[in-house]
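Peer 1: Structure in structure tokens, see below.
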Amino acid sequence: MPAGMGKYRPMPFVADLHIHSRFSRATSRSLDAHQLALWAARKGISVVGTGDVTHPAWVAELREGLVEAEEGLFRLRPDLERTVLEELPQACRRPARFMLSGEISCIYKKGGQTRKLHHLVLLPGFEAATALNKRLDRIGNITSDGRPILGLDSRDLLEIVLETDDRAFFIPAHIWTPWFSLFGSKSGFDDLEECFEDLSPHIHALETGLSSDPPMNRRLSALDGRILVSNSDAHSASKLGREANLFDTEIAYGPMIGAMTDGTGFLGTIEFFPEEGKYHLDGHRKCGVRLEPWETRQAAGICPECGAPVTVGVLNRVDELADRGDPAIQRPFHSLIPLTEVLGELLSCGPGTKKVAAAYEGLLSDLGPELEILMSIPVERVEASGGPLLARAVERMRQGRVVRKGGYDGEYGVIRVFEPAEMDALIGQGMLFAQQKARPQREERKVERGKPSKWRPSRDRKPPAEPAPHAD
């Protein structure tokens with residue numbers, strides 16, 4: 001049995017269920033099951049979605065590289081899993097489980113308007129995936145993109161999913177983003193029932209998206225009876241876990257779906273600070289105009305630079321539909337900054353630089369997975385490994401004491417732990433970031449290059465090459 005294997009015990013764990021594969025447009029070409037398992041372990045994620053379960057070539061790869069694990073979940077073949085574990089620091093050698101998942105884009109007309117919504121589908125096994133794909137293949141093209149675009153009413157897609165397998169689970173994705181979501185300002189609805197009609201009771205969970213968080217969502221009393229979930233919607237493996245879910249159930253498909261249905265065993269979510277999301281505020285990226293909702297109303301929704309309509313963001317849309325001022329928070333949530341972004345700020349360089357990668361590797365080797373460093377490892381241990389400045393940054397982030405500059409119109413926002421002048425003062429006090437031990441060059445290269453795994457079939461299965469914008 002590979003190191004780190006063994007029977008999972010019921011205990012709190014992290015799951016990130018909405019991701020993509022290399023078969024989706026505008027994704028990393030190295031995004032395969034090997035990379036997903038590797039980065040899930042580095043982040044501290046126990047269950048990761050496969051993404052793109054409607055794409056036949058990706059499903060074929062998954063069938064070849066995964067084996068059954070707990071009920072409704074899968075793991076890498078033992079030989080492939082050993083390869084992943086050997087690439088990980090000892091403190092992160094924890095095997096990942098996979099849940100079959102995929103995002104579907106519905107574009108259709110309803111109520112005299114064009115609607116564009118994305119939905120997340122979770123499935124209990126490959127038989128269900130095959131059955132669903134047979135039905136969807138008769139409706140539209142499911143081979144050109146891992147996230148297929150179908151001219152299908154969301155209500156009808158939900159019906160198809162429910163008829164395919166009664167254990168399937170349907171979640172409206174990133175429900176506030178302007179262009180492709182349930183409540184999106186550009187093409188969504190004002191209430192859930194208008195979208196799903198008689199099947200609305202089958203919607204048990206809703207995904208907040210990067211640009212909103214639970215306090216924003218819980219200003220709508222209409223959502224009170226439904227679970228709020230968060231996922232990374234990652235387009236590269238290193239982005240896993242930027243948002244995720246906390247469960248206290250058995251690690252198995254049925255208990256996890258049950259937790260997202262009635263809340264039993266669902267502990268809460270890991271969130272972006274919503275200001276970092278690409279559509280938190282209003283604005284017009286072409287003109288560099290960023291607006292708070294009150295400024296948009298004052299400008300009558302028009303860009304003051306060029307006169308074009310601004311993109312109305314998530315905060316404004318929440319304000320429009322909310323029926324109470326104070327949120328009715330139901331479960332805890334943790335707002336985090338990705339560790340590479342924290343390190344980039346402290347080291348005065350980009351989060352993708354070799355300097356940050358070396359520091360990141362050292363911290364994982366010393367302390368364990370990223371999410372544990374950000375959320376739960378005592379700051380004294382963080383300081384012993386990374387220095388007092390990092391410890392101060394982590395402590396401040398956990399308290400929500402961060403500097404926020406909201407994203408708008410497709411432009412990510414910026415979250416900083418320190419103001420520049422404050423950072424200079426702290427460095428002047430000797431609170432320097434500790435020098436990390438460099439990782440072995442062979443291992444660092446694997447992380448830098450993101451090499452595809454060796455198990456990919458030899459036959460050519462090229463994903464679509466055309467880039468495409470994404471909703472959040």
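Chain lettering (A, B, ...) mirrors the order of the structure tokens, residue numbering begins at 1 for each chain separately, and ligand numbering begins at 1 in order of display.
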Would you kindly return, as a PyMOL selection string, each protein, DNA or RNA residue with an atom no farther than 12 Å from any atom of Ser348 in chain A, considering only C-alpha atoms and excluding same-chain residues fewer than 6 positions away?

Peer 2: chain A and resi 340-342+355-356+416+418+420+423-424+427+432-433

Peer 1: So that I have them on file, write out the residues from the current selection with N, CA, C and O atoms, as a PDB file, in the first residue's frame.

Peer 2:
ATOM      1  N   THR A 340       0.807  31.961  -2.165  1.00  0.00           N
ATOM      2  CA  THR A 340       1.770  32.547  -3.095  1.00  0.00           C
ATOM      3  C   THR A 340       1.585  34.058  -3.215  1.00  0.00           C
ATOM      4  O   THR A 340       2.565  34.792  -3.414  1.00  0.00           O
ATOM      5  N   GLU A 341       0.350  34.543  -3.069  1.00  0.00           N
ATOM      6  CA  GLU A 341       0.125  35.990  -3.123  1.00  0.00           C
ATOM      7  C   GLU A 341       0.662  36.666  -1.870  1.00  0.00           C
ATOM      8  O   GLU A 341       1.222  37.772  -1.931  1.00  0.00           O
ATOM      9  N   VAL A 342       0.483  36.023  -0.721  1.00  0.00           N
ATOM     10  CA  VAL A 342       1.052  36.573   0.516  1.00  0.00           C
ATOM     11  C   VAL A 342       2.570  36.646   0.407  1.00  0.00           C
ATOM     12  O   VAL A 342       3.194  37.668   0.721  1.00  0.00           O
ATOM     13  N   LYS A 355      11.482  32.873  -6.754  1.00  0.00           N
ATOM     14  CA  LYS A 355      11.720  33.242  -5.362  1.00  0.00           C
ATOM     15  C   LYS A 355      10.534  32.829  -4.485  1.00  0.00           C
ATOM     16  O   LYS A 355      10.709  32.265  -3.395  1.00  0.00           O
ATOM     17  N   VAL A 356       9.324  33.110  -4.968  1.00  0.00           N
ATOM     18  CA  VAL A 356       8.124  32.705  -4.232  1.00  0.00           C
ATOM     19  C   VAL A 356       7.989  31.190  -4.214  1.00  0.00           C
ATOM     20  O   VAL A 356       7.639  30.592  -3.187  1.00  0.00           O
ATOM     21  N   ARG A 416      -4.176  43.062  -0.231  1.00  0.00           N
ATOM     22  CA  ARG A 416      -2.863  43.142   0.383  1.00  0.00           C
ATOM     23  C   ARG A 416      -3.011  43.040   1.897  1.00  0.00           C
ATOM     24  O   ARG A 416      -4.033  43.428   2.459  1.00  0.00           O
ATOM     25  N   PHE A 418      -0.551  44.407   3.974  1.00  0.00           N
ATOM     26  CA  PHE A 418       0.029  45.625   4.532  1.00  0.00           C
ATOM     27  C   PHE A 418      -0.030  46.760   3.514  1.00  0.00           C
ATOM     28  O   PHE A 418       0.073  46.536   2.302  1.00  0.00           O
ATOM     29  N   PRO A 420       1.956  49.839   1.779  1.00  0.00           N
ATOM     30  CA  PRO A 420       3.393  49.928   1.469  1.00  0.00           C
ATOM     31  C   PRO A 420       4.215  50.593   2.565  1.00  0.00           C
ATOM     32  O   PRO A 420       5.287  50.102   2.928  1.00  0.00           O
ATOM     33  N   MET A 423       4.595  48.255   5.462  1.00  0.00           N
ATOM     34  CA  MET A 423       5.527  47.193   5.126  1.00  0.00           C
ATOM     35  C   MET A 423       6.976  47.662   5.315  1.00  0.00           C
ATOM     36  O   MET A 423       7.793  46.951   5.907  1.00  0.00           O
ATOM     37  N   ASP A 424       7.266  48.876   4.864  1.00  0.00           N
ATOM     38  CA  ASP A 424       8.614  49.417   5.024  1.00  0.00           C
ATOM     39  C   ASP A 424       8.980  49.534   6.507  1.00  0.00           C
ATOM     40  O   ASP A 424      10.103  49.229   6.910  1.00  0.00           O
ATOM     41  N   ILE A 427       9.712  46.027   7.993  1.00  0.00           N
ATOM     42  CA  ILE A 427      11.031  45.552   7.568  1.00  0.00           C
ATOM     43  C   ILE A 427      12.122  46.297   8.329  1.00  0.00           C
ATOM     44  O   ILE A 427      13.131  45.724   8.748  1.00  0.00           O
ATOM     45  N   LEU A 432      11.864  40.538   9.024  1.00  0.00           N
ATOM     46  CA  LEU A 432      12.119  40.023   7.690  1.00  0.00           C
ATOM     47  C   LEU A 432      11.542  38.636   7.531  1.00  0.00           C
ATOM     48  O   LEU A 432      11.430  37.865   8.484  1.00  0.00           O
ATOM     49  N   PHE A 433      11.194  38.318   6.297  1.00  0.00           N
ATOM     50  CA  PHE A 433      10.745  36.973   5.975  1.00  0.00           C
ATOM     51  C   PHE A 433      11.928  36.027   6.020  1.00  0.00           C
ATOM     52  O   PHE A 433      12.985  36.314   5.469  1.00  0.00           O
TER      53      PHE A 433
END

Peer 1: Would you list, as number ranges by chain, the residues of range 60-145 of chain A that end up in alpha helix (DSSP H) under DSSP run on this structure's backbone?

Peer 2: A: 60-65, 78-87, 126-137

Peer 1: Write the residues you've just listed into a file as a short mmCIF file (atom, residue, chain, number, x, y, z; two decimals), in the first residue's frame, and include N, CA and C atoms for each of them.

Peer 2:
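Result went into selection.cif, see below:
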data_model
loop_
_atom_site.label_atom_id
_atom_site.label_comp_id
_atom_site.auth_asym_id
_atom_site.auth_seq_id
_atom_site.Cartn_x
_atom_site.Cartn_y
_atom_site.Cartn_z
N ALA A 60 -12.58 9.20 -21.00
CA ALA A 60 -11.77 8.03 -21.34
C ALA A 60 -10.45 8.04 -20.56
N GLU A 61 -9.81 9.21 -20.45
CA GLU A 61 -8.58 9.30 -19.67
C GLU A 61 -8.82 8.98 -18.20
N LEU A 62 -9.91 9.49 -17.67
CA LEU A 62 -10.23 9.24 -16.27
C LEU A 62 -10.48 7.75 -16.03
N ARG A 63 -11.19 7.11 -16.93
CA ARG A 63 -11.44 5.68 -16.79
C ARG A 63 -10.13 4.89 -16.77
N GLU A 64 -9.18 5.34 -17.55
CA GLU A 64 -7.91 4.64 -17.63
C GLU A 64 -7.02 4.89 -16.42
N GLY A 65 -7.11 6.08 -15.84
CA GLY A 65 -6.18 6.45 -14.78
C GLY A 65 -6.73 6.36 -13.37
N PRO A 78 -2.93 2.71 -8.28
CA PRO A 78 -1.85 2.67 -7.28
C PRO A 78 -0.48 3.04 -7.82
N ASP A 79 -0.13 2.60 -9.03
CA ASP A 79 1.18 2.94 -9.55
C ASP A 79 1.31 4.44 -9.84
N LEU A 80 0.22 5.04 -10.31
CA LEU A 80 0.24 6.47 -10.58
C LEU A 80 0.22 7.28 -9.28
N GLU A 81 -0.51 6.77 -8.31
CA GLU A 81 -0.56 7.45 -7.01
C GLU A 81 0.82 7.45 -6.34
N ARG A 82 1.55 6.36 -6.47
CA ARG A 82 2.89 6.31 -5.90
C ARG A 82 3.78 7.38 -6.51
N THR A 83 3.64 7.58 -7.82
CA THR A 83 4.44 8.61 -8.50
C THR A 83 4.13 9.99 -7.93
N VAL A 84 2.84 10.28 -7.71
CA VAL A 84 2.46 11.58 -7.15
C VAL A 84 3.01 11.74 -5.74
N LEU A 85 2.86 10.73 -4.91
CA LEU A 85 3.31 10.83 -3.52
C LEU A 85 4.82 11.04 -3.44
N GLU A 86 5.56 10.44 -4.36
CA GLU A 86 7.01 10.61 -4.36
C GLU A 86 7.42 12.04 -4.70
N GLU A 87 6.57 12.78 -5.41
CA GLU A 87 6.88 14.16 -5.78
C GLU A 87 6.56 15.16 -4.67
N PHE A 126 -19.13 6.41 -13.44
CA PHE A 126 -18.96 6.52 -14.89
C PHE A 126 -20.19 6.09 -15.66
N GLU A 127 -20.99 5.18 -15.12
CA GLU A 127 -22.22 4.80 -15.80
C GLU A 127 -23.15 5.99 -15.91
N ALA A 128 -23.28 6.75 -14.85
CA ALA A 128 -24.12 7.95 -14.88
C ALA A 128 -23.55 8.98 -15.86
N ALA A 129 -22.22 9.12 -15.89
CA ALA A 129 -21.60 10.07 -16.82
C ALA A 129 -21.87 9.67 -18.27
N THR A 130 -21.74 8.39 -18.55
CA THR A 130 -21.98 7.91 -19.92
C THR A 130 -23.42 8.13 -20.32
N ALA A 131 -24.35 7.84 -19.41
CA ALA A 131 -25.77 8.02 -19.72
C ALA A 131 -26.10 9.49 -19.95
N LEU A 132 -25.55 10.38 -19.13
CA LEU A 132 -25.81 11.80 -19.31
C LEU A 132 -25.22 12.29 -20.62
N ASN A 133 -24.02 11.86 -20.94
CA ASN A 133 -23.38 12.34 -22.16
C ASN A 133 -24.09 11.87 -23.41
N LYS A 134 -24.67 10.69 -23.38
CA LYS A 134 -25.45 10.22 -24.53
C LYS A 134 -26.63 11.14 -24.79
N ARG A 135 -27.28 11.57 -23.73
CA ARG A 135 -28.43 12.46 -23.90
C ARG A 135 -27.99 13.85 -24.36
N LEU A 136 -26.92 14.37 -23.76
CA LEU A 136 -26.47 15.70 -24.14
C LEU A 136 -25.91 15.74 -25.55
N ASP A 137 -25.31 14.65 -25.99
CA ASP A 137 -24.74 14.58 -27.34
C ASP A 137 -25.81 14.72 -28.41
#

Peer 1: Between CA of Phe23 in chain A and CA of Leu100 in chain A, what is the distance in Å, rounded to a tenth?

Peer 2: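 We find that CA of Phe23 in chain A and CA of Leu100 in chain A lie 14.8 Å from each other.
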
Peer 1: Smallest atom-to-atom distance to Pro332 in chain A: which of A:Leu122, A:Ile45, A:Ala40, A:Ile270, using only C-alpha atoms?

Peer 2: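 Answer, going by the shortest atom-to-atom distance: A:Ile270.
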
Peer 1: I'd like to know which of A:Leu364, A:Val414, A:Leu182, A:Val229 is closest to Ile257 in chain A, using only C-alpha atoms.

Peer 2: A:Val229

Peer 1: Please identify the strand (DSSP E or B) residues within range 11-220 of chain A (assignment by DSSP from backbone atoms) and present them as a count of residues only.

Peer 2: 48

Peer 1: Please identify every residue of range 246-278 of chain A that has at least one atom no farther than 7 Å from an atom of range 388-407 of chain A, counting only C-alpha atoms, and for each give the shortest atom pair and the distance in Å to one decimal, arranged by chain then increasing number, as CSV.

Peer 2:
residue,atom,partner,partner_atom,distance
A:Glu275,CA,A:Gly406,CA,4.2
A:Glu276,CA,A:Gly407,CA,5.6
A:Gly277,CA,A:Gly407,CA,5.5
A:Lys278,CA,A:Gly407,CA,4.7

Peer 1: May I have the residues within 10 Å of range 248-252 of chain A as an MDAnalysis selection string, using only C-alpha atoms and disregarding those fewer than 3 positions away in the same chain?

Peer 2: chainID A and resid 7:15 46:47 69:74 97:99 124 255:259 264:268

Peer 1: My list of candidates is A:His202, A:Arg167, A:Arg242, A:His119. Which is closest to Gly44 in chain A when distances are computed with only C-alpha atoms?

Peer 2: A:Arg242

Peer 1: Within 12 Å of Ala322 in chain A, counting only C-alpha atoms, which residues show up once you throw out same-chain ones fewer than 3 positions away? Write them as a JSON list (two decimals) with N, CA, C and O atoms, in the first residue's frame, please.

Peer 2:
[["chain", "number", "residue", "atom", "x", "y", "z"],
["A", 183, "PHE", "N", -28.17, 34.74, -11.21],
["A", 183, "PHE", "CA", -28.60, 36.10, -10.89],
["A", 183, "PHE", "C", -27.77, 37.15, -11.62],
["A", 183, "PHE", "O", -27.79, 38.32, -11.24],
["A", 190, "ASP", "N", -34.22, 37.18, -11.77],
["A", 190, "ASP", "CA", -34.35, 37.87, -10.49],
["A", 190, "ASP", "C", -34.68, 36.92, -9.35],
["A", 190, "ASP", "O", -34.54, 37.30, -8.18],
["A", 191, "ASP", "N", -35.16, 35.73, -9.67],
["A", 191, "ASP", "CA", -35.40, 34.75, -8.61],
["A", 191, "ASP", "C", -35.22, 33.34, -9.17],
["A", 191, "ASP", "O", -35.31, 33.11, -10.39],
["A", 215, "PRO", "N", -21.87, 36.48, 3.54],
["A", 215, "PRO", "CA", -22.63, 37.64, 4.01],
["A", 215, "PRO", "C", -23.39, 38.36, 2.89],
["A", 215, "PRO", "O", -24.51, 38.86, 3.12],
["A", 216, "MET", "N", -22.81, 38.42, 1.71],
["A", 216, "MET", "CA", -23.52, 39.05, 0.61],
["A", 216, "MET", "C", -24.74, 38.22, 0.21],
["A", 216, "MET", "O", -25.84, 38.73, 0.05],
["A", 217, "ASN", "N", -24.55, 36.91, 0.08],
["A", 217, "ASN", "CA", -25.65, 36.03, -0.33],
["A", 217, "ASN", "C", -26.76, 35.97, 0.70],
["A", 217, "ASN", "O", -27.95, 35.87, 0.35],
["A", 218, "ARG", "N", -26.39, 36.01, 1.98],
["A", 218, "ARG", "CA", -27.39, 35.85, 3.03],
["A", 218, "ARG", "C", -28.20, 37.11, 3.29],
["A", 218, "ARG", "O", -28.96, 37.16, 4.24],
["A", 219, "ARG", "N", -28.06, 38.09, 2.43],
["A", 219, "ARG", "CA", -28.97, 39.24, 2.47],
["A", 219, "ARG", "C", -30.25, 38.95, 1.71],
["A", 219, "ARG", "O", -31.19, 39.74, 1.73],
["A", 220, "LEU", "N", -30.31, 37.80, 1.04],
["A", 220, "LEU", "CA", -31.51, 37.38, 0.32],
["A", 220, "LEU", "C", -32.21, 36.29, 1.12],
["A", 220, "LEU", "O", -31.70, 35.18, 1.26],
["A", 221, "SER", "N", -33.38, 36.58, 1.64],
["A", 221, "SER", "CA", -34.10, 35.59, 2.44],
["A", 221, "SER", "C", -34.52, 34.40, 1.58],
["A", 221, "SER", "O", -34.71, 33.30, 2.10],
["A", 222, "ALA", "N", -34.63, 34.59, 0.26],
["A", 222, "ALA", "CA", -35.03, 33.50, -0.63],
["A", 222, "ALA", "C", -34.00, 32.37, -0.64],
["A", 222, "ALA", "O", -34.33, 31.24, -1.04],
["A", 223, "LEU", "N", -32.77, 32.64, -0.21],
["A", 223, "LEU", "CA", -31.74, 31.62, -0.21],
["A", 223, "LEU", "C", -31.60, 30.93, 1.15],
["A", 223, "LEU", "O", -30.74, 30.04, 1.30],
["A", 314, "VAL", "N", -21.17, 42.24, -9.03],
["A", 314, "VAL", "CA", -21.88, 41.39, -8.09],
["A", 314, "VAL", "C", -22.44, 42.19, -6.91],
["A", 314, "VAL", "O", -23.59, 42.01, -6.51],
["A", 315, "LEU", "N", -21.65, 43.08, -6.34],
["A", 315, "LEU", "CA", -22.12, 43.83, -5.18],
["A", 315, "LEU", "C", -23.35, 44.65, -5.52],
["A", 315, "LEU", "O", -24.32, 44.70, -4.74],
["A", 316, "ASN", "N", -23.35, 45.27, -6.67],
["A", 316, "ASN", "CA", -24.50, 46.06, -7.11],
["A", 316, "ASN", "C", -25.73, 45.17, -7.31],
["A", 316, "ASN", "O", -26.84, 45.52, -6.89],
["A", 317, "ARG", "N", -25.51, 44.01, -7.90],
["A", 317, "ARG", "CA", -26.63, 43.10, -8.16],
["A", 317, "ARG", "C", -27.21, 42.56, -6.85],
["A", 317, "ARG", "O", -28.42, 42.41, -6.71],
["A", 318, "VAL", "N", -26.35, 42.26, -5.90],
["A", 318, "VAL", "CA", -26.83, 41.83, -4.58],
["A", 318, "VAL", "C", -27.66, 42.93, -3.94],
["A", 318, "VAL", "O", -28.75, 42.69, -3.40],
["A", 319, "ASP", "N", -27.17, 44.17, -4.01],
["A", 319, "ASP", "CA", -27.93, 45.30, -3.47],
["A", 319, "ASP", "C", -29.31, 45.39, -4.11],
["A", 319, "ASP", "O", -30.30, 45.69, -3.43],
["A", 325, "GLY", "N", -30.95, 44.16, 5.16],
["A", 325, "GLY", "CA", -29.64, 44.80, 5.24],
["A", 325, "GLY", "C", -28.60, 43.94, 5.90],
["A", 325, "GLY", "O", -27.45, 43.88, 5.46],
["A", 326, "ASP", "N", -28.96, 43.28, 7.01],
["A", 326, "ASP", "CA", -28.02, 42.45, 7.74],
["A", 326, "ASP", "C", -28.15, 41.00, 7.31],
["A", 326, "ASP", "O", -29.25, 40.45, 7.25],
["A", 327, "PRO", "N", -27.02, 40.36, 6.99],
["A", 327, "PRO", "CA", -27.08, 38.96, 6.54],
["A", 327, "PRO", "C", -27.43, 38.00, 7.67],
["A", 327, "PRO", "O", -27.06, 38.22, 8.82],
["A", 328, "ALA", "N", -28.15, 36.94, 7.32],
["A", 328, "ALA", "CA", -28.46, 35.87, 8.27],
["A", 328, "ALA", "C", -27.46, 34.75, 8.06],
["A", 328, "ALA", "O", -27.72, 33.78, 7.33]]

Peer 1: So which residues touch Tyr279 in chain A within 8 Å, counting only C-alpha atoms, skipping near sequence neighbours fewer than 6 positions away, as a PDB file with N, CA, C and O atoms, in the first residue's frame?

Peer 2:
ATOM      1  N   THR A 177     -22.141  36.241 -11.017  1.00  0.00           N
ATOM      2  CA  THR A 177     -21.295  36.877 -12.029  1.00  0.00           C
ATOM      3  C   THR A 177     -22.137  37.382 -13.199  1.00  0.00           C
ATOM      4  O   THR A 177     -23.100  36.740 -13.606  1.00  0.00           O
ATOM      5  N   PRO A 178     -21.796  38.540 -13.766  1.00  0.00           N
ATOM      6  CA  PRO A 178     -22.708  39.225 -14.685  1.00  0.00           C
ATOM      7  C   PRO A 178     -23.118  38.437 -15.922  1.00  0.00           C
ATOM      8  O   PRO A 178     -24.280  38.476 -16.327  1.00  0.00           O
ATOM      9  N   SER A 211     -16.549  36.348  -6.601  1.00  0.00           N
ATOM     10  CA  SER A 211     -16.830  37.766  -6.380  1.00  0.00           C
ATOM     11  C   SER A 211     -17.868  38.027  -5.305  1.00  0.00           C
ATOM     12  O   SER A 211     -18.245  39.173  -5.063  1.00  0.00           O
ATOM     13  N   GLY A 313     -21.549  44.872 -11.545  1.00  0.00           N
ATOM     14  CA  GLY A 313     -20.917  43.768 -10.845  1.00  0.00           C
ATOM     15  C   GLY A 313     -21.791  43.120  -9.791  1.00  0.00           C
ATOM     16  O   GLY A 313     -22.985  43.422  -9.639  1.00  0.00           O
ATOM     17  N   VAL A 314     -21.173  42.242  -9.033  1.00  0.00           N
ATOM     18  CA  VAL A 314     -21.879  41.391  -8.090  1.00  0.00           C
ATOM     19  C   VAL A 314     -22.441  42.193  -6.915  1.00  0.00           C
ATOM     20  O   VAL A 314     -23.593  42.009  -6.515  1.00  0.00           O
ATOM     21  N   GLY A 407     -12.164  44.138  -7.650  1.00  0.00           N
ATOM     22  CA  GLY A 407     -12.109  43.824  -9.075  1.00  0.00           C
ATOM     23  C   GLY A 407     -13.360  44.309  -9.799  1.00  0.00           C
ATOM     24  O   GLY A 407     -14.407  44.528  -9.194  1.00  0.00           O
ATOM     25  N   TYR A 408     -13.259  44.440 -11.116  1.00  0.00           N
ATOM     26  CA  TYR A 408     -14.388  44.968 -11.892  1.00  0.00           C
ATOM     27  C   TYR A 408     -14.249  44.566 -13.360  1.00  0.00           C
ATOM     28  O   TYR A 408     -13.138  44.466 -13.889  1.00  0.00           O
ATOM     29  N   ASP A 409     -15.350  44.313 -14.015  1.00  0.00           N
ATOM     30  CA  ASP A 409     -15.411  44.104 -15.466  1.00  0.00           C
ATOM     31  C   ASP A 409     -14.326  43.155 -15.980  1.00  0.00           C
ATOM     32  O   ASP A 409     -13.675  43.417 -16.990  1.00  0.00           O
ATOM     33  N   GLY A 410     -14.114  42.042 -15.275  1.00  0.00           N
ATOM     34  CA  GLY A 410     -13.149  41.043 -15.714  1.00  0.00           C
ATOM     35  C   GLY A 410     -11.739  41.246 -15.200  1.00  0.00           C
ATOM     36  O   GLY A 410     -10.851  40.447 -15.510  1.00  0.00           O
ATOM     37  N   GLU A 411     -11.507  42.284 -14.410  1.00  0.00           N
ATOM     38  CA  GLU A 411     -10.187  42.577 -13.852  1.00  0.00           C
ATOM     39  C   GLU A 411     -10.164  42.144 -12.391  1.00  0.00           C
ATOM     40  O   GLU A 411     -10.961  42.614 -11.578  1.00  0.00           O
ATOM     41  N   TYR A 412      -9.230  41.239 -12.057  1.00  0.00           N
ATOM     42  CA  TYR A 412      -9.136  40.804 -10.669  1.00  0.00           C
ATOM     43  C   TYR A 412      -8.845  41.983  -9.752  1.00  0.00           C
ATOM     44  O   TYR A 412      -8.109  42.906 -10.117  1.00  0.00           O
ATOM     45  N   ASP A 472     -15.879  33.796 -14.034  1.00  0.00           N
ATOM     46  CA  ASP A 472     -15.424  34.309 -12.749  1.00  0.00           C
ATOM     47  C   ASP A 472     -13.985  33.916 -12.489  1.00  0.00           C
ATOM     48  O   ASP A 472     -13.595  32.826 -12.777  1.00  0.00           O
TER      49      ASP A 472
END

Peer 1: Determine the nearest neighbour of Val289 in chain A from the options A:Gln35, A:Thr311, A:Ser232, A:Thr50, counting only C-alpha atoms.

Peer 2: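 Going through A:Gln35, A:Thr311, A:Ser232, A:Thr50 one by one, the smallest distance to Val289 in chain A is for A:Thr311.
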
Peer 1: Name the residues in contact with Arg115 in chain A at a cut-off of 8 Å, using only C-alpha atoms, excluding same-chain residues fewer than 5 positions from it; report them as a list in words.

Peer 2: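 Here the answer would be Cys106, Ile107, Tyr108, Lys109, Lys110, Ser187 and Gly188 of chain A.
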
Peer 1: Could you write out that same residue set with all heavy atoms as a compact mmCIF listing (two decimals), in the first residue's frame?

Peer 2:
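Once written, result.txt looks like this:
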# COMPACT_ATOMS: atom_id res chain seq x y z
N CYS A 106 -25.54 26.88 -20.42
CA CYS A 106 -26.84 26.93 -21.10
C CYS A 106 -27.07 28.33 -21.64
O CYS A 106 -27.04 29.30 -20.88
CB CYS A 106 -27.96 26.56 -20.13
SG CYS A 106 -27.95 24.85 -19.56
N ILE A 107 -27.31 28.43 -22.94
CA ILE A 107 -27.63 29.71 -23.57
C ILE A 107 -28.95 29.53 -24.31
O ILE A 107 -29.06 28.70 -25.22
CB ILE A 107 -26.52 30.16 -24.53
CG1 ILE A 107 -25.19 30.31 -23.78
CG2 ILE A 107 -26.90 31.48 -25.20
CD1 ILE A 107 -24.03 30.76 -24.65
N TYR A 108 -29.97 30.30 -23.92
CA TYR A 108 -31.31 30.10 -24.47
C TYR A 108 -32.15 31.35 -24.23
O TYR A 108 -31.71 32.28 -23.53
CB TYR A 108 -31.97 28.90 -23.80
CG TYR A 108 -32.08 28.99 -22.29
CD1 TYR A 108 -33.27 29.34 -21.67
CD2 TYR A 108 -30.96 28.75 -21.48
CE1 TYR A 108 -33.36 29.43 -20.29
CE2 TYR A 108 -31.04 28.83 -20.10
CZ TYR A 108 -32.24 29.18 -19.50
OH TYR A 108 -32.33 29.27 -18.13
N LYS A 109 -33.33 31.37 -24.81
CA LYS A 109 -34.24 32.50 -24.62
C LYS A 109 -35.36 32.09 -23.69
O LYS A 109 -35.93 31.00 -23.80
CB LYS A 109 -34.81 32.96 -25.96
CG LYS A 109 -33.83 33.69 -26.84
CD LYS A 109 -34.45 34.98 -27.35
CE LYS A 109 -33.39 35.81 -28.07
NZ LYS A 109 -33.99 36.81 -28.96
N LYS A 110 -35.69 32.99 -22.77
CA LYS A 110 -36.80 32.74 -21.86
C LYS A 110 -37.32 34.08 -21.37
O LYS A 110 -36.54 34.97 -21.03
CB LYS A 110 -36.34 31.90 -20.68
CG LYS A 110 -37.47 31.39 -19.80
CD LYS A 110 -36.97 30.34 -18.82
CE LYS A 110 -38.12 29.65 -18.13
NZ LYS A 110 -37.65 28.50 -17.32
N SER A 187 -27.58 38.50 -17.92
CA SER A 187 -28.39 37.47 -18.59
C SER A 187 -29.06 36.51 -17.63
O SER A 187 -29.45 35.42 -18.03
CB SER A 187 -27.51 36.68 -19.56
OG SER A 187 -26.43 36.07 -18.87
N GLY A 188 -29.19 36.89 -16.37
CA GLY A 188 -29.77 35.99 -15.39
C GLY A 188 -31.22 36.29 -15.08
O GLY A 188 -31.94 36.96 -15.83

Peer 1: Restricting the calculation to only C-alpha atoms: of A:Asp366, A:Asp165, A:Asp32, A:Glu194, which residue gets closest to Val121 in chain A?

Peer 2: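 Nearest to Val121 in chain A: A:Asp165.
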
Peer 1: For Gly146 in chain A, which residue out of A:Glu292, A:Asp16, A:Glu320, A:Glu103 is the nearest one, using only C-alpha atoms?

Peer 2: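 Answer, going by the shortest atom-to-atom distance: A:Glu103.
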
Peer 1: Suppose you want the space between CA of Val312 in chain A and CA of Ser185 in chain A; what is it in Å?

Peer 2: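 Between these atoms lies a distance of 6.3 Å.
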